[in-house]
file upload04.cif (mmCIF, C-alpha atoms)
data_work
#
loop_
_atom_site.label_atom_id
_atom_site.label_comp_id
_atom_site.auth_asym_id
_atom_site.auth_seq_id
_atom_site.Cartn_x
_atom_site.Cartn_y
_atom_site.Cartn_z
CA MET A 23 0.00 0.00 0.00
CA SER A 24 1.52 3.33 -1.06
CA PRO A 25 1.84 6.08 1.58
CA ALA A 26 -0.69 8.89 1.65
CA PRO A 27 0.37 11.94 -0.39
CA LEU A 28 2.09 14.79 1.44
CA ILE A 29 -0.23 17.54 2.62
CA PRO A 30 1.69 20.81 2.11
CA VAL A 31 1.45 23.64 4.60
CA ALA A 32 0.23 26.00 1.85
CA ARG A 33 -0.57 26.00 -1.85
CA PRO A 34 -1.76 28.88 -4.07
CA TRP A 35 -5.14 28.61 -5.79
CA LEU A 36 -4.35 29.17 -9.47
CA GLY A 37 -6.07 27.95 -12.61
CA GLU A 38 -6.81 28.48 -16.28
CA GLU A 39 -8.02 32.02 -15.62
CA GLU A 40 -4.56 33.08 -14.42
CA ALA A 41 -2.86 31.22 -17.28
CA SER A 42 -5.10 32.96 -19.79
CA ALA A 43 -4.51 36.34 -18.14
CA ALA A 44 -0.73 35.91 -18.31
CA ARG A 45 -1.10 35.22 -22.04
CA ARG A 46 -2.37 38.78 -22.66
CA PRO A 47 0.81 40.71 -21.84
CA ILE A 48 3.03 37.95 -23.20
CA LEU A 49 1.40 38.26 -26.63
CA SER A 50 1.08 42.04 -26.42
CA GLY A 51 4.82 42.53 -26.13
CA TRP A 52 4.47 44.82 -23.10
CA VAL A 53 5.56 42.62 -20.23
CA THR A 54 6.72 44.99 -17.48
CA GLN A 55 5.04 47.86 -15.63
CA GLY A 56 2.55 48.79 -18.28
CA PRO A 57 -1.24 48.83 -18.67
CA GLU A 58 -1.81 45.61 -16.70
CA VAL A 59 0.02 47.06 -13.70
CA ALA A 60 -2.01 50.25 -13.91
CA ALA A 61 -5.26 48.27 -14.05
CA PHE A 62 -4.24 46.06 -11.13
CA GLU A 63 -3.39 49.13 -9.04
CA ALA A 64 -6.79 50.70 -9.75
CA GLU A 65 -8.68 47.48 -8.97
CA PHE A 66 -6.74 46.84 -5.77
CA ALA A 67 -7.26 50.43 -4.58
CA ALA A 68 -11.00 50.07 -5.19
CA TYR A 69 -11.10 46.76 -3.30
CA VAL A 70 -9.47 48.10 -0.13
CA GLY A 71 -10.92 51.60 -0.40
CA ALA A 72 -7.57 53.38 -0.71
CA PRO A 73 -7.13 56.60 -2.67
CA HIS A 74 -3.80 55.37 -4.04
CA ALA A 75 -2.19 51.96 -4.69
CA CYS A 76 1.28 51.49 -6.17
CA ALA A 77 2.49 48.06 -7.31
CA VAL A 78 6.09 47.03 -6.59
CA SER A 79 8.28 43.95 -6.85
CA ASN A 80 7.57 42.54 -3.35
CA CYS A 81 6.53 43.58 0.14
CA THR A 82 10.11 44.11 1.32
CA THR A 83 10.61 46.80 -1.31
CA ALA A 84 7.19 48.20 -0.39
CA LEU A 85 8.27 48.55 3.25
CA HIS A 86 11.55 50.18 2.23
CA LEU A 87 9.80 52.79 0.09
CA ALA A 88 7.12 53.40 2.73
CA LEU A 89 9.66 54.03 5.48
CA ARG A 90 11.72 56.27 3.22
CA ALA A 91 8.64 58.28 2.22
CA VAL A 92 7.60 58.97 5.83
CA GLY A 93 11.08 60.31 6.54
CA VAL A 94 12.93 57.43 8.18
CA GLY A 95 16.67 57.82 7.73
CA PRO A 96 20.09 57.13 9.29
CA GLY A 97 20.12 57.51 13.06
CA ASP A 98 16.33 57.27 13.43
CA GLU A 99 14.49 54.60 15.40
CA VAL A 100 11.45 52.65 14.24
CA ILE A 101 9.31 50.83 16.80
CA THR A 102 8.30 47.41 15.50
CA VAL A 103 8.21 43.73 16.45
CA SER A 104 10.95 41.14 16.31
CA HIS A 105 8.22 38.48 15.96
CA SER A 106 7.84 38.77 12.18
CA PHE A 107 9.54 37.62 9.02
CA ILE A 108 13.00 39.16 9.00
CA ALA A 109 12.07 41.51 6.13
CA THR A 110 10.25 43.77 8.61
CA ALA A 111 13.42 44.55 10.57
CA ASN A 112 15.58 44.51 7.44
CA ALA A 113 13.52 47.26 5.80
CA VAL A 114 14.27 49.49 8.79
CA ARG A 115 17.98 48.78 8.40
CA TYR A 116 17.86 49.54 4.65
CA CYS A 117 17.01 53.11 5.69
CA GLY A 118 19.96 53.23 8.10
CA ALA A 119 17.58 53.30 11.06
CA VAL A 120 17.52 51.07 14.14
CA PRO A 121 14.57 48.76 14.89
CA VAL A 122 13.28 49.03 18.45
CA PHE A 123 11.54 45.75 19.20
CA VAL A 124 8.51 45.53 21.48
CA ASP A 125 6.79 42.38 22.65
CA ILE A 126 3.57 40.89 21.33
CA ASP A 127 0.14 40.11 22.72
CA PRO A 128 0.21 36.29 22.95
CA ALA A 129 -3.49 36.07 22.05
CA THR A 130 -3.07 37.73 18.64
CA PHE A 131 0.70 37.42 17.97
CA ASN A 132 0.63 41.15 17.17
CA MET A 133 2.37 44.19 18.62
CA ASP A 134 1.20 44.90 22.18
CA PRO A 135 0.15 48.58 22.16
CA ALA A 136 0.84 48.79 25.91
CA ARG A 137 4.53 48.21 25.21
CA VAL A 138 4.87 50.89 22.51
CA GLU A 139 4.52 54.19 24.33
CA GLU A 140 7.19 53.32 26.90
CA VAL A 141 9.91 53.07 24.22
CA ILE A 142 9.08 56.24 22.26
CA GLY A 143 12.09 58.52 22.43
CA PRO A 144 13.63 61.56 20.76
CA ARG A 145 14.96 59.49 17.84
CA THR A 146 11.69 57.66 17.15
CA ARG A 147 10.45 58.46 13.65
CA ALA A 148 7.79 55.81 12.99
CA ILE A 149 5.83 52.84 14.27
CA LEU A 150 5.88 49.79 11.99
CA CYS A 151 3.11 47.41 13.04
CA VAL A 152 2.57 43.95 11.54
CA HIS A 153 -0.79 42.30 10.86
CA GLN A 154 0.75 38.93 11.67
CA ILE A 155 -0.42 35.89 9.65
CA GLY A 156 -3.50 37.87 8.66
CA MET A 157 -4.72 38.92 12.13
CA PRO A 158 -5.29 42.68 12.25
CA CYS A 159 -3.33 44.80 14.73
CA ASP A 160 -5.05 46.94 17.33
CA LEU A 161 -5.10 50.00 15.09
CA ALA A 162 -7.67 51.70 17.32
CA ALA A 163 -4.93 51.97 19.95
CA LEU A 164 -1.94 52.50 17.65
CA VAL A 165 -3.31 55.20 15.32
CA PRO A 166 -4.13 57.78 18.04
CA MET A 167 -0.87 56.95 19.82
CA ALA A 168 1.10 57.70 16.66
CA ARG A 169 -0.82 60.93 16.15
CA ARG A 170 -0.22 62.09 19.76
CA HIS A 171 3.52 61.68 19.31
CA HIS A 172 3.63 63.00 15.70
CA LEU A 173 4.91 59.66 14.41
CA ALA A 174 4.20 57.94 11.11
CA LEU A 175 2.34 54.63 11.33
CA VAL A 176 3.28 52.13 8.62
CA GLU A 177 1.31 48.87 8.41
CA ASP A 178 3.17 45.72 7.39
CA ALA A 179 0.11 44.09 5.87
CA ALA A 180 2.13 41.45 4.01
CA CYS A 181 -0.19 38.69 5.21
CA ALA A 182 -3.42 40.66 5.53
CA VAL A 183 -5.05 41.07 2.11
CA GLY A 184 -8.76 40.52 2.75
CA SER A 185 -8.54 41.06 6.53
CA ALA A 186 -10.75 43.73 8.12
CA ILE A 187 -11.24 45.73 11.30
CA LEU A 188 -14.26 47.30 12.95
CA TRP A 189 -13.48 51.00 12.53
CA GLU A 190 -15.82 53.64 13.90
CA GLY A 191 -18.72 51.20 13.73
CA ARG A 192 -18.01 49.88 10.21
CA TRP A 193 -16.09 46.89 8.92
CA GLU A 194 -13.27 48.23 6.77
CA PRO A 195 -10.52 46.39 4.87
CA ILE A 196 -6.93 46.46 6.00
CA GLY A 197 -5.18 48.71 3.51
CA LYS A 198 -7.69 51.54 3.45
CA PRO A 199 -5.23 52.74 5.04
CA HIS A 200 -5.98 53.54 8.65
CA GLY A 201 -2.39 54.43 9.43
CA ASP A 202 -0.27 56.36 6.94
CA VAL A 203 0.87 53.61 4.56
CA ALA A 204 0.02 49.91 4.22
CA CYS A 205 2.26 47.37 2.45
CA PHE A 206 1.09 44.03 1.02
CA SER A 207 2.81 40.87 -0.23
CA PHE A 208 1.73 38.64 -3.10
CA HIS A 209 4.16 35.80 -2.33
CA PRO A 210 2.74 32.28 -2.97
CA ARG A 211 2.16 31.77 0.79
CA LYS A 212 -0.32 34.67 0.75
CA LEU A 213 -4.01 34.37 -0.20
CA LEU A 214 -3.56 36.51 -3.30
CA THR A 215 -0.40 35.71 -5.25
CA THR A 216 1.33 37.05 -8.33
CA GLY A 217 4.28 34.66 -7.88
CA ASP A 218 5.97 37.51 -6.06
CA GLY A 219 5.02 41.15 -5.84
CA GLY A 220 3.75 43.84 -3.52
CA MET A 221 1.42 46.82 -3.21
CA ILE A 222 1.61 50.10 -1.28
CA THR A 223 -1.59 51.91 -0.34
CA THR A 224 -1.86 55.42 1.07
CA ALA A 225 -4.11 58.46 1.22
CA ASN A 226 -1.15 60.79 0.70
CA PRO A 227 -0.77 61.76 -2.99
CA GLU A 228 2.76 63.12 -2.51
CA TRP A 229 3.98 59.82 -1.05
CA ASP A 230 2.26 57.88 -3.83
CA ALA A 231 4.08 60.02 -6.38
CA LYS A 232 7.37 59.25 -4.60
CA PHE A 233 6.67 55.50 -4.65
CA ARG A 234 6.06 55.65 -8.41
CA LEU A 235 9.20 57.67 -8.97
CA TRP A 236 11.52 55.60 -6.78
CA ARG A 237 10.31 52.20 -7.97
CA GLN A 238 11.67 52.93 -11.47
CA HIS A 239 15.11 54.41 -10.77
CA SER A 240 13.52 57.86 -10.25
CA MET A 241 12.90 58.14 -13.99
CA GLY A 242 11.26 61.51 -14.54
CA VAL A 243 8.91 60.29 -17.30
CA PRO A 244 6.93 57.06 -16.77
CA ASP A 245 7.09 54.46 -19.54
CA LEU A 246 3.35 54.73 -20.26
CA VAL A 247 3.72 58.48 -20.88
CA ARG A 248 6.88 58.16 -22.96
CA HIS A 249 5.54 55.37 -25.18
CA SER A 250 2.26 57.17 -25.86
CA ALA A 251 3.87 60.56 -26.63
CA ASP A 252 3.70 62.00 -30.16
CA ARG A 253 7.19 63.48 -29.83
CA VAL A 254 10.61 62.33 -28.66
CA ILE A 255 11.05 62.60 -24.90
CA PHE A 256 14.37 62.24 -23.08
CA GLU A 257 13.88 61.17 -19.50
CA GLU A 258 15.96 62.39 -16.55
CA TYR A 259 16.88 60.79 -13.23
CA GLY A 260 16.73 63.46 -10.57
CA GLU A 261 17.50 61.41 -7.46
CA LEU A 262 18.51 57.97 -6.26
CA GLY A 263 15.94 55.36 -7.16
CA TYR A 264 15.51 51.60 -7.32
CA ASN A 265 14.43 48.81 -9.63
CA TYR A 266 11.31 47.85 -7.67
CA ARG A 267 8.90 47.36 -10.59
CA MET A 268 6.15 44.78 -11.00
CA THR A 269 5.79 43.05 -14.36
CA ASP A 270 2.62 43.13 -16.44
CA ILE A 271 2.61 39.33 -16.41
CA GLN A 272 2.41 39.37 -12.60
CA ALA A 273 -0.23 42.11 -12.60
CA ALA A 274 -2.43 40.22 -15.07
CA VAL A 275 -2.35 37.20 -12.74
CA GLY A 276 -3.05 39.47 -9.77
CA ARG A 277 -6.18 40.87 -11.40
CA GLU A 278 -7.61 37.36 -11.69
CA GLN A 279 -6.53 36.52 -8.14
CA LEU A 280 -8.36 39.60 -6.85
CA LYS A 281 -11.57 38.22 -8.37
CA ARG A 282 -11.03 35.00 -6.42
CA LEU A 283 -10.50 36.75 -3.08
CA PRO A 284 -14.12 36.64 -1.80
CA ALA A 285 -14.27 32.87 -2.41
CA LEU A 286 -10.84 32.42 -0.83
CA LEU A 287 -11.92 34.27 2.30
CA ALA A 288 -15.19 32.37 2.64
CA ARG A 289 -13.43 29.02 2.21
CA ARG A 290 -10.79 29.90 4.82
CA ARG A 291 -13.42 30.72 7.41
CA GLU A 292 -15.13 27.38 6.77
CA GLN A 293 -11.82 25.53 7.15
CA VAL A 294 -10.95 27.37 10.36
CA GLU A 295 -14.30 26.42 11.91
CA ARG A 296 -13.66 22.83 10.84
CA TYR A 297 -10.29 22.88 12.60
CA ARG A 298 -11.97 24.25 15.73
CA LEU A 299 -14.40 21.32 15.82
CA LEU A 300 -11.66 18.75 15.22
CA LEU A 301 -9.13 20.14 17.69
CA ALA A 302 -11.23 21.73 20.44
CA ASP A 303 -10.93 18.87 22.95
CA ILE A 304 -7.16 18.29 22.75
CA PRO A 305 -5.89 19.01 26.27
CA GLY A 306 -3.62 22.03 26.50
CA LEU A 307 -3.73 22.91 22.79
CA VAL A 308 -4.50 26.63 22.36
CA LEU A 309 -6.37 27.54 19.17
CA PRO A 310 -6.23 31.02 17.57
CA THR A 311 -9.06 33.47 18.22
CA GLU A 312 -10.19 36.77 16.72
CA PRO A 313 -10.80 39.87 18.83
CA ALA A 314 -14.37 41.16 18.48
CA TRP A 315 -13.05 44.05 16.36
CA ALA A 316 -11.01 41.95 13.93
CA ARG A 317 -11.64 39.66 10.97
CA SER A 318 -8.60 37.68 9.94
CA ASN A 319 -8.16 36.37 6.41
CA TRP A 320 -6.72 33.28 8.14
CA GLN A 321 -3.62 33.18 6.02
CA SER A 322 -2.30 30.64 8.54
CA PHE A 323 -3.76 28.56 11.36
CA CYS A 324 -1.32 28.89 14.26
CA VAL A 325 -1.75 26.64 17.31
CA ARG A 326 0.12 26.87 20.60
CA LEU A 327 1.31 23.45 21.76
CA PRO A 328 0.57 22.19 25.29
CA ASP A 329 3.15 22.92 27.98
CA GLY A 330 6.10 20.56 27.87
CA CYS A 331 5.72 19.56 24.22
CA ASP A 332 8.81 19.52 22.03
CA GLN A 333 7.99 21.62 18.97
CA ARG A 334 10.50 19.91 16.68
CA GLN A 335 9.42 16.41 17.73
CA VAL A 336 5.76 17.21 17.07
CA MET A 337 6.61 18.65 13.65
CA GLU A 338 8.78 15.64 12.78
CA ALA A 339 6.01 13.26 13.83
CA LEU A 340 3.56 15.09 11.59
CA LEU A 341 6.02 15.05 8.69
CA ALA A 342 6.44 11.29 9.15
CA ALA A 343 2.66 11.10 8.74
CA GLY A 344 2.88 13.03 5.48
CA ILE A 345 1.86 16.42 6.86
CA ALA A 346 4.02 19.52 6.40
CA THR A 347 3.98 22.22 9.10
CA ARG A 348 6.00 25.31 9.92
CA ARG A 349 7.33 26.49 13.26
CA GLY A 350 5.92 29.62 14.84
CA VAL A 351 6.79 32.97 13.31
CA MET A 352 10.49 33.78 13.67
CA CYS A 353 12.03 36.45 15.88
CA ALA A 354 14.55 38.65 14.07
CA HIS A 355 16.59 39.40 17.21
CA ARG A 356 17.43 35.68 17.52
CA GLU A 357 18.91 35.42 14.03
CA PRO A 358 22.68 35.54 13.45
CA ALA A 359 22.31 38.64 11.26
CA TYR A 360 21.05 40.62 14.28
CA GLU A 361 24.05 39.65 16.34
CA ARG A 362 25.78 42.14 14.02
CA GLU A 363 22.99 44.53 13.00
CA PRO A 364 21.99 47.14 15.60
CA TRP A 365 18.65 46.83 17.38
CA SER A 366 17.14 47.82 20.68
CA CYS A 367 14.45 46.62 23.06
CA GLY A 368 14.02 50.09 24.54
CA LEU A 369 16.61 49.73 27.28
CA GLY A 370 19.12 51.90 25.44
CA PRO A 371 21.15 51.73 22.24
CA GLY A 372 23.51 48.94 23.36
CA PRO A 373 23.02 45.32 24.50
CA CYS A 374 20.34 44.98 27.17
CA GLY A 375 22.35 42.50 29.22
CA CYS A 376 20.40 39.41 28.19
CA PRO A 377 22.22 36.33 26.87
CA ALA A 378 22.73 36.11 23.11
CA ARG A 379 19.53 35.53 21.08
CA THR A 380 17.25 36.13 24.05
CA CYS A 381 15.67 39.24 25.58
CA ARG A 382 13.60 39.36 28.75
CA ARG A 383 11.51 42.18 27.27
CA LEU A 384 10.58 39.98 24.29
CA ARG A 385 9.58 36.88 26.21
CA GLN A 386 6.14 36.48 24.62
CA SER A 387 7.69 36.79 21.15
CA GLU A 388 10.24 34.08 21.91
CA GLN A 389 7.64 31.75 23.41
CA ALA A 390 5.41 32.21 20.37
CA GLN A 391 8.28 31.17 18.09
CA ASP A 392 9.19 28.17 20.24
CA ARG A 393 5.77 26.83 21.21
CA THR A 394 3.56 27.31 18.16
CA ILE A 395 3.22 25.57 14.81
CA LEU A 396 1.34 26.44 11.63
CA LEU A 397 -0.98 23.70 10.38
CA PRO A 398 -1.76 23.26 6.67
CA LEU A 399 -4.32 25.72 5.35
CA TYR A 400 -5.08 26.44 1.69
CA HIS A 401 -8.12 26.70 -0.55
CA GLU A 402 -8.16 23.13 -1.83
CA LEU A 403 -7.46 21.48 1.55
CA SER A 404 -10.31 18.96 1.95
CA GLU A 405 -12.32 17.95 5.01
CA ALA A 406 -10.69 14.53 4.78
CA ASP A 407 -7.26 16.20 4.81
CA GLN A 408 -8.20 18.17 7.92
CA GLU A 409 -9.40 15.02 9.65
CA ARG A 410 -6.12 13.31 8.81
CA ILE A 411 -4.18 16.29 10.20
CA ALA A 412 -6.21 16.31 13.41
CA LEU A 413 -5.68 12.57 13.99
CA ALA A 414 -1.95 12.85 13.36
CA LEU A 415 -1.64 15.85 15.68
CA ARG A 416 -3.48 13.99 18.46
CA ALA A 417 -1.12 11.04 18.06
CA ALA A 418 1.97 13.27 17.99
CA LEU A 419 0.91 15.10 21.14
CA ALA A 420 0.18 11.81 22.87
CA GLY A 421 3.66 10.58 22.00
CA GLN A 422 2.26 7.79 19.82
CA ASP A 423 3.22 6.82 16.29
CA PRO A 424 1.29 9.03 13.86
CA LEU A 425 -1.58 7.32 12.07
#
call {"tool": "encode", "arguments": {"input": "upload04.cif", "output": "structure tokens"}}
result
Amino acid sequence: MSPAPLIPVARPWLGEEEASAARRPILSGWVTQGPEVAAFEAEFAAYVGAPHACAVSNCTTALHLALRAVGVGPGDEVITVSHSFIATANAVRYCGAVPVFVDIDPATFNMDPARVEEVIGPRTRAILCVHQIGMPCDLAALVPMARRHHLALVEDAACAVGSAILWEGRWEPIGKPHGDVACFSFHPRKLLTTGDGGMITTANPEWDAKFRLWRQHSMGVPDLVRHSADRVIFEEYGELGYNYRMTDIQAAVGREQLKRLPALLARRREQVERYRLLLADIPGLVLPTEPAWARSNWQSFCVRLPDGCDQRQVMEALLAAGIATRRGVMCAHREPAYEREPWSCGLGPGPCGCPARTCRRLRQSEQAQDRTILLPLYHELSEADQERIALALRAALAGQDPL
């Protein structure tokens, strides 16, 4: 009897519609940052309710441009979380600034607003919050805090396309934006994918103009304008820019993916409720919950293992049963790169006195990395797959051979 096929932790939902869409720019001859990109930007802006949306090559470049636009530069500090993909902290360092890490709320895995105000100092330029694995941050606390201290609020919404918050009595999409700038990822692990890619949304027209300038080497005349002109135009490059463009092939795929988003969101909520039914009675296993003011897109289903469980052993047992998982979200301050790169936990610019790769002020972040795992979750995951996952997880937690 052959073994059951591997259940991956994630898989994008792509089909003939995306293949057909990619054919358009390929056959048109315009394959980078052209009419498809412009259409995708307009459609994405309409979906989230943002005045402006600018497509870029990925979310890391989006974060870099957002921080640069709000004025972050060498010697500044940006308050953020270590408990995020390393790109969050790296984008701060690209600007020459220092990330100041605050701990998370263990219930949401997001920045704890109560920890933010105590580390605001004279060098603080911005707050960079993360809507982790699709769960919205407490923007109702963070936005007025940023305004009181005259700080920019940038939202790392890499995981949060389709998520929403209850804002002044109405459900509004993440990305409207509620802070100053929101940055999205279209990596294959995200609900909406273009293979890779990103989007920046803002209500500030001057910043949007900067994003469009910087993403294309600060070329003074956009390609669409130059190619449609009835006279010869020589472009100029007035300041340092970057090659952060999105291709028209990616944008064409993204336009089709955006049409799928309502179905993707509905399916995820069904799957999450199914997981709740299957896993609710496992002793000590903590399942994710939504605050009353938040609607996650459920990019990932993150469970906290019972006390005393060995995270690696549980993951290896599940893999032996043909089920892929991922450990809890990483902490940047525990990575070798940040033994060399400067960072702070708010106790001053130098080391805080904790042993290497630990910090007593980031205890919840470290525990979340060490004691949680992400279970498979994707559009085509079946009820039978979820039942198989639940049985294998029960066996792994009981120390038995997986079924």
call {"tool": "atom_distance", "arguments": {"input": "upload04.cif", "atom1": "atom CA of A:Ala378", "atom2": "atom CA of A:Ser366"}}
result
13.2 Å
call {"tool": "residues_around", "arguments": {"input": "upload04.cif", "residues": "stretch 271-273 of chain A", "least_positions_apart": "3", "cutoff": "7 Å", "atoms": "only C-alpha atoms", "output": "JSON, numbers by chain"}}
result
{"A": [44, 47, 48, 53, 58, 59, 62, 216, 217, 268, 276, 277]}
call {"tool": "residues_around", "arguments": {"input": "upload04.cif", "residues": "A:Pro210", "least_positions_apart": "4", "cutoff": "12 Å", "atoms": "only C-alpha atoms", "output": "ChimeraX atom specification"}}
result
/A:31-36,80,180-181,214-220,272,276,279,321,400
call {"tool": "closest_residue", "arguments": {"input": "upload04.cif", "among": "A:Ala91, A:Leu415, A:Ala67, A:Leu309", "to": "A:Gly197", "atoms": "all atoms listed in the file"}}
result
A:Ala67
call {"tool": "closest_residue", "arguments": {"input": "upload04.cif", "among": "A:Glu99, A:Asp230, A:Asp160, A:Asp270", "to": "A:Arg46", "atoms": "all atoms listed in the file"}}
result
A:Asp270
call {"tool": "closest_residue", "arguments": {"input": "upload04.cif", "among": "A:Glu338, A:Glu295, A:Asp303, A:Asp332", "to": "A:Trp320", "atoms": "only C-alpha atoms"}}
result
A:Glu295
call {"tool": "resolve_selection", "arguments": {"input": "upload04.cif", "expression": "the PyMOL selection byres ((chain A and resi 155) around 12)", "output": "number ranges by chain"}}
result
A: 105-107, 130-132, 152-154, 156-159, 178-185, 206-207, 211-213, 310, 317-324, 350-352, 396, 399
call {"tool": "atom_distance", "arguments": {"input": "upload04.cif", "atom1": "atom CA of A:Cys331", "atom2": "atom CA of A:Pro377"}}
result
23.7 Å
call {"tool": "atom_distance", "arguments": {"input": "upload04.cif", "atom1": "atom CA of A:Ser240", "atom2": "atom CA of A:Leu262"}}
result
6.4 Å
call {"tool": "closest_residue", "arguments": {"input": "upload04.cif", "among": "A:Cys205, A:Ile196, A:Leu341, A:Leu161", "to": "A:Ala113", "atoms": "only C-alpha atoms"}}
result
A:Cys205
call {"tool": "resolve_selection", "arguments": {"input": "upload04.cif", "expression": "the PyMOL selection byres ((chain A and resi 380) around 12)", "output": "list in words"}}
result
Ser104, Cys353, Ala354, His355, Arg356, Glu357, Pro358, Tyr360, Glu361, Cys367, Pro373, Cys374, Gly375, Cys376, Pro377, Ala378, Arg379, Cys381, Arg382, Arg383, Leu384, Arg385, Gln386, Ser387, Glu388, Gln389, Gln391 and Asp392 of chain A
call {"tool": "residues_around", "arguments": {"input": "upload04.cif", "residues": "stretch 173-175 of chain A", "least_positions_apart": "3", "cutoff": "12 Å", "atoms": "all atoms listed in the file", "output": "compact mmCIF listing (two decimals) with C-alpha atoms, in the frame of the given file"}}
result
# COMPACT_ATOMS: atom_id res chain seq x y z
CA LEU A 85 8.27 48.55 3.25
CA ALA A 88 7.12 53.40 2.73
CA LEU A 89 9.66 54.03 5.48
CA ARG A 90 11.72 56.27 3.22
CA ALA A 91 8.64 58.28 2.22
CA VAL A 92 7.60 58.97 5.83
CA GLY A 93 11.08 60.31 6.54
CA VAL A 94 12.93 57.43 8.18
CA ASP A 98 16.33 57.27 13.43
CA GLU A 99 14.49 54.60 15.40
CA VAL A 100 11.45 52.65 14.24
CA ILE A 101 9.31 50.83 16.80
CA THR A 102 8.30 47.41 15.50
CA VAL A 138 4.87 50.89 22.51
CA GLU A 139 4.52 54.19 24.33
CA ILE A 142 9.08 56.24 22.26
CA GLY A 143 12.09 58.52 22.43
CA PRO A 144 13.63 61.56 20.76
CA ARG A 145 14.96 59.49 17.84
CA THR A 146 11.69 57.66 17.15
CA ARG A 147 10.45 58.46 13.65
CA ALA A 148 7.79 55.81 12.99
CA ILE A 149 5.83 52.84 14.27
CA LEU A 150 5.88 49.79 11.99
CA CYS A 151 3.11 47.41 13.04
CA VAL A 152 2.57 43.95 11.54
CA CYS A 159 -3.33 44.80 14.73
CA LEU A 161 -5.10 50.00 15.09
CA ALA A 163 -4.93 51.97 19.95
CA LEU A 164 -1.94 52.50 17.65
CA VAL A 165 -3.31 55.20 15.32
CA PRO A 166 -4.13 57.78 18.04
CA MET A 167 -0.87 56.95 19.82
CA ALA A 168 1.10 57.70 16.66
CA ARG A 169 -0.82 60.93 16.15
CA ARG A 170 -0.22 62.09 19.76
CA ASP A 178 3.17 45.72 7.39
CA PRO A 199 -5.23 52.74 5.04
CA HIS A 200 -5.98 53.54 8.65
CA GLY A 201 -2.39 54.43 9.43
CA ASP A 202 -0.27 56.36 6.94
CA VAL A 203 0.87 53.61 4.56
CA ALA A 204 0.02 49.91 4.22
CA CYS A 205 2.26 47.37 2.45
CA THR A 224 -1.86 55.42 1.07
call {"tool": "axis_aligned_box", "arguments": {"input": "upload04.cif", "around": "stretch 35-53 of chain A", "padding_each_side": "8 Å", "output": "lines of an AutoDock Vina configuration file"}}
result
center_x = -1.2
center_y = 36.4
center_z = -16.2
size_x = 29.6
size_y = 32.9
size_z = 36.8
call {"tool": "decode", "arguments": {"input": "upload04.cif", "residues": "stretch 205-221 of chain A", "atoms": "C-alpha atoms", "output": "compact mmCIF listing (two decimals), in the first residue's frame"}}
result
# COMPACT_ATOMS: atom_id res chain seq x y z
CA CYS A 205 2.26 47.37 2.45
CA PHE A 206 1.09 44.03 1.02
CA SER A 207 2.81 40.87 -0.23
CA PHE A 208 1.73 38.64 -3.10
CA HIS A 209 4.16 35.80 -2.33
CA PRO A 210 2.74 32.28 -2.97
CA ARG A 211 2.16 31.77 0.79
CA LYS A 212 -0.32 34.67 0.75
CA LEU A 213 -4.01 34.37 -0.20
CA LEU A 214 -3.56 36.51 -3.30
CA THR A 215 -0.40 35.71 -5.25
CA THR A 216 1.33 37.05 -8.33
CA GLY A 217 4.28 34.66 -7.88
CA ASP A 218 5.97 37.51 -6.06
CA GLY A 219 5.02 41.15 -5.84
CA GLY A 220 3.75 43.84 -3.52
CA MET A 221 1.42 46.82 -3.21
